[in-house]
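**Q** Mind having a look at this structure? Questions to follow.
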Amino acid sequence: MIGTLFEAGTVDKVVGNRLLISKLGLDEIAQGAYKILRSGGTFDMNFFPNEDVKLVAEALKRAGFENVNVELDLAVTASKP
């Protein structure tokens, strides 16, 4: 879905706030974000407590993101090489 909202390589930052992982297609979101971000662009999302944000981190790595970090089990940051 996110990959169809913007042209490839035109976005500097993807941000999400207070998301529920169970409602997301993690690989689809990670691949779409990777597609629309410019080189050096960043992905920053935070989630409700008790969500398994490591699943998001794994999806971002599969999509090709680097510097994938889980912060306090509530947020994930990453960058596109």
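Letters for chains follow the order of the structure tokens (A, B, ...), residue numbers begin at 1 for each chain, and ligand numbers begin at 1 in the order shown.
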Write out as a list in words each polymer residue whose atoms come within 10 Å of Ala8 (chain A), counting only C-alpha atoms; drop sequence neighbours fewer than 4 positions from it.

**A**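 The neighbour list is Gly3, Thr4, Gly32, Ala33, Tyr34, Lys35, Ile36, Leu37 and Arg38 of chain A.
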
**Q** Skip Glu66 (chain A) itself and residues of its chain fewer than 4 positions away, then list as a CSV table (one decimal) with N, CA and C atoms, in the first residue's frame all residues within 7 Å of it, counting only C-alpha atoms.

**A**
chain,number,residue,atom,x,y,z
A,61,LYS,N,14.9,-5.5,7.7
A,61,LYS,CA,16.1,-6.1,7.2
A,61,LYS,C,15.9,-6.9,6.0
A,78,ALA,N,15.4,2.8,11.1
A,78,ALA,CA,16.2,2.1,10.1
A,78,ALA,C,16.5,3.2,9.0
A,79,SER,N,17.5,2.8,8.2
A,79,SER,CA,17.8,3.7,7.0
A,79,SER,C,18.0,2.9,5.8
A,80,LYS,N,17.8,3.6,4.7
A,80,LYS,CA,18.0,3.0,3.3
A,80,LYS,C,19.4,3.3,2.9
A,81,PRO,N,20.1,2.3,2.5
A,81,PRO,CA,21.5,2.6,2.0
A,81,PRO,C,21.5,3.5,0.8

**Q** Under the rule that only C-alpha atoms are counted, which of A:Asp52, A:Asp73, A:Glu58, A:Asp44 is the nearest residue to Ser22 (chain A)?

**A**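 Looking at the shortest contact to Ser22 (chain A), the residue is A:Asp52.
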
**Q** Among chain A, which ones does DSSP place in alpha helix (DSSP H), written as a list in words?

**A**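 Of chain A, only Ile2, Gly3, Thr4, Leu5, Leu26, Asp27, Glu28, Ile29, Ala30, Gln31, Gly32, Ala33, Tyr34, Lys35, Ile36, Val53, Lys54, Leu55, Val56, Ala57, Glu58, Ala59, Leu60, Lys61, Arg62 and Ala63 of chain A fall in alpha helix (DSSP H).
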
**Q** Excluding Val76 (chain A) and any residue of its chain fewer than 5 positions from it, enumerate the residues within 7 Å of it, using only C-alpha atoms, and give them as an mmCIF file with N, CA and C atoms, in the first residue's frame.

**A**
data_model
loop_
_atom_site.group_PDB
_atom_site.id
_atom_site.type_symbol
_atom_site.label_atom_id
_atom_site.label_comp_id
_atom_site.auth_asym_id
_atom_site.auth_seq_id
_atom_site.Cartn_x
_atom_site.Cartn_y
_atom_site.Cartn_z
ATOM 1 N N ASP A 44 11.010 5.550 10.736
ATOM 2 C CA ASP A 44 10.859 5.679 12.189
ATOM 3 C C ASP A 44 9.415 5.386 12.564
ATOM 4 N N MET A 45 9.203 4.361 13.355
ATOM 5 C CA MET A 45 7.849 4.038 13.790
ATOM 6 C C MET A 45 7.862 3.624 15.247
ATOM 7 N N ASN A 46 6.800 4.018 15.957
ATOM 8 C CA ASN A 46 6.643 3.543 17.325
ATOM 9 C C ASN A 46 5.310 2.825 17.451
ATOM 10 N N VAL A 53 7.946 -5.646 18.404
ATOM 11 C CA VAL A 53 8.558 -4.782 17.389
ATOM 12 C C VAL A 53 9.738 -5.448 16.695
ATOM 13 N N ALA A 57 11.434 -5.124 12.816
ATOM 14 C CA ALA A 57 12.863 -5.022 12.527
ATOM 15 C C ALA A 57 13.297 -6.100 11.538
ATOM 16 N N ASN A 69 17.306 -0.587 14.215
ATOM 17 C CA ASN A 69 17.414 -0.565 15.671
ATOM 18 C C ASN A 69 16.043 -0.636 16.318
ATOM 19 N N VAL A 70 15.948 -1.452 17.368
ATOM 20 C CA VAL A 70 14.750 -1.507 18.201
ATOM 21 C C VAL A 70 15.074 -0.720 19.463
ATOM 22 N N GLU A 71 14.230 0.249 19.781
ATOM 23 C CA GLU A 71 14.474 1.110 20.932
ATOM 24 C C GLU A 71 13.414 0.873 22.007
#

**Q** For each of A:Ile21, A:Leu74, A:Ala30, A:Leu55, take the minimum atom-to-atom distance to Thr42 (chain A), counting only C-alpha atoms, then give the residue where this is smallest.

**A**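 Nearest candidate to Thr42 (chain A) out of A:Ile21, A:Leu74, A:Ala30, A:Leu55: A:Ala30.
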
**Q** Nearest to Val15 (chain A): which of A:Asn67, A:Asp27, A:Phe47, A:Lys54 is it, counting only C-alpha atoms?

**A**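 When distances to Val15 (chain A) are compared using only C-alpha atoms, the smallest one comes from A:Phe47.
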
**Q** Return the single residue from A:Asn17, A:Asn50, A:Gln31, A:Ser39 that is closest to Met1 (chain A), with distances computed using only C-alpha atoms.

**A** A:Gln31

**Q** Between CA of Ala59 (chain A) and CA of Gly41 (chain A), measure the distance and give it in Å to one decimal.

**A**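 Between CA of Ala59 (chain A) and CA of Gly41 (chain A) the gap is 16.8 Å.
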
**Q** Between A:Glu51, A:Thr77, A:Leu60, A:Gly40, single out the one closest to Thr10 (chain A), counting only C-alpha atoms.

**A**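 Of A:Glu51, A:Thr77, A:Leu60, A:Gly40, the one nearest Thr10 (chain A) is A:Gly40, counting only C-alpha atoms.
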
**Q** Please, which residues of region 5-81 of chain A, numbered as in this document, come out strand (DSSP E or B) from DSSP, as number ranges by chain?

**A** A: 11-19, 37-47, 66-71, 75-79

**Q** Pull N, CA and C atoms from the residues just selected and write them as an mmCIF file, in the first residue's frame.

**A**
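Okay, out.cif is ready:
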data_model
loop_
_atom_site.group_PDB
_atom_site.id
_atom_site.type_symbol
_atom_site.label_atom_id
_atom_site.label_comp_id
_atom_site.auth_asym_id
_atom_site.auth_seq_id
_atom_site.Cartn_x
_atom_site.Cartn_y
_atom_site.Cartn_z
ATOM 1 N N VAL A 11 10.881 10.092 -1.238
ATOM 2 C CA VAL A 11 10.539 10.420 0.149
ATOM 3 C C VAL A 11 11.801 10.383 1.016
ATOM 4 N N ASP A 12 11.920 11.369 1.921
ATOM 5 C CA ASP A 12 13.076 11.430 2.819
ATOM 6 C C ASP A 12 12.871 10.666 4.120
ATOM 7 N N LYS A 13 11.624 10.578 4.585
ATOM 8 C CA LYS A 13 11.370 9.956 5.884
ATOM 9 C C LYS A 13 9.971 9.350 5.916
ATOM 10 N N VAL A 14 9.880 8.140 6.461
ATOM 11 C CA VAL A 14 8.594 7.490 6.713
ATOM 12 C C VAL A 14 8.433 7.436 8.227
ATOM 13 N N VAL A 15 7.308 7.962 8.730
ATOM 14 C CA VAL A 15 7.062 8.036 10.168
ATOM 15 C C VAL A 15 5.703 7.419 10.479
ATOM 16 N N GLY A 16 5.635 6.657 11.543
ATOM 17 C CA GLY A 16 4.366 6.106 12.013
ATOM 18 C C GLY A 16 4.293 6.234 13.520
ATOM 19 N N ASN A 17 3.108 6.435 14.045
ATOM 20 C CA ASN A 17 2.949 6.676 15.472
ATOM 21 C C ASN A 17 1.868 5.778 16.073
ATOM 22 N N ARG A 18 2.237 5.059 17.138
ATOM 23 C CA ARG A 18 1.297 4.243 17.918
ATOM 24 C C ARG A 18 0.553 3.224 17.062
ATOM 25 N N LEU A 19 1.309 2.398 16.372
ATOM 26 C CA LEU A 19 0.726 1.412 15.472
ATOM 27 C C LEU A 19 0.505 0.070 16.165
ATOM 28 N N LEU A 37 11.514 5.467 -0.369
ATOM 29 C CA LEU A 37 12.562 6.272 0.253
ATOM 30 C C LEU A 37 13.723 6.524 -0.697
ATOM 31 N N ARG A 38 14.286 7.712 -0.575
ATOM 32 C CA ARG A 38 15.533 8.027 -1.275
ATOM 33 C C ARG A 38 16.676 7.329 -0.552
ATOM 34 N N SER A 39 17.805 7.201 -1.216
ATOM 35 C CA SER A 39 19.000 6.690 -0.560
ATOM 36 C C SER A 39 19.328 7.610 0.616
ATOM 37 N N GLY A 40 19.558 7.034 1.778
ATOM 38 C CA GLY A 40 19.804 7.822 2.983
ATOM 39 C C GLY A 40 18.539 8.175 3.745
ATOM 40 N N GLY A 41 17.376 7.844 3.179
ATOM 41 C CA GLY A 41 16.105 8.115 3.848
ATOM 42 C C GLY A 41 15.933 7.242 5.079
ATOM 43 N N THR A 42 15.068 7.677 5.984
ATOM 44 C CA THR A 42 14.903 6.957 7.241
ATOM 45 C C THR A 42 13.463 6.506 7.479
ATOM 46 N N PHE A 43 13.359 5.468 8.272
ATOM 47 C CA PHE A 43 12.092 4.852 8.660
ATOM 48 C C PHE A 43 12.036 4.909 10.180
ATOM 49 N N ASP A 44 11.010 5.550 10.736
ATOM 50 C CA ASP A 44 10.859 5.679 12.189
ATOM 51 C C ASP A 44 9.415 5.386 12.564
ATOM 52 N N MET A 45 9.203 4.361 13.355
ATOM 53 C CA MET A 45 7.849 4.038 13.790
ATOM 54 C C MET A 45 7.862 3.624 15.247
ATOM 55 N N ASN A 46 6.800 4.018 15.957
ATOM 56 C CA ASN A 46 6.643 3.543 17.325
ATOM 57 C C ASN A 46 5.310 2.825 17.451
ATOM 58 N N PHE A 47 5.234 1.983 18.453
ATOM 59 C CA PHE A 47 4.123 1.045 18.572
ATOM 60 C C PHE A 47 3.544 1.060 19.978
ATOM 61 N N GLU A 66 19.222 -0.847 6.404
ATOM 62 C CA GLU A 66 20.413 -0.970 7.236
ATOM 63 C C GLU A 66 20.193 -0.198 8.532
ATOM 64 N N ASN A 67 21.119 -0.359 9.467
ATOM 65 C CA ASN A 67 21.053 0.354 10.749
ATOM 66 C C ASN A 67 19.681 0.197 11.400
ATOM 67 N N VAL A 68 19.166 -1.017 11.385
ATOM 68 C CA VAL A 68 17.853 -1.299 11.970
ATOM 69 C C VAL A 68 18.023 -1.422 13.484
ATOM 70 N N ASN A 69 17.306 -0.587 14.215
ATOM 71 C CA ASN A 69 17.414 -0.565 15.671
ATOM 72 C C ASN A 69 16.043 -0.636 16.318
ATOM 73 N N VAL A 70 15.948 -1.452 17.368
ATOM 74 C CA VAL A 70 14.750 -1.507 18.201
ATOM 75 C C VAL A 70 15.074 -0.720 19.463
ATOM 76 N N GLU A 71 14.230 0.249 19.781
ATOM 77 C CA GLU A 71 14.474 1.110 20.932
ATOM 78 C C GLU A 71 13.414 0.873 22.007
ATOM 79 N N ALA A 75 9.884 1.142 19.653
ATOM 80 C CA ALA A 75 10.108 1.862 18.402
ATOM 81 C C ALA A 75 11.150 1.144 17.555
ATOM 82 N N VAL A 76 11.071 1.377 16.252
ATOM 83 C CA VAL A 76 12.039 0.832 15.305
ATOM 84 C C VAL A 76 12.504 1.967 14.404
ATOM 85 N N THR A 77 13.811 2.045 14.218
ATOM 86 C CA THR A 77 14.382 2.997 13.271
ATOM 87 C C THR A 77 15.257 2.234 12.293
ATOM 88 N N ALA A 78 15.380 2.768 11.082
ATOM 89 C CA ALA A 78 16.205 2.130 10.060
ATOM 90 C C ALA A 78 16.531 3.162 8.993
ATOM 91 N N SER A 79 17.502 2.840 8.152
ATOM 92 C CA SER A 79 17.836 3.736 7.045
ATOM 93 C C SER A 79 18.032 2.932 5.763
#
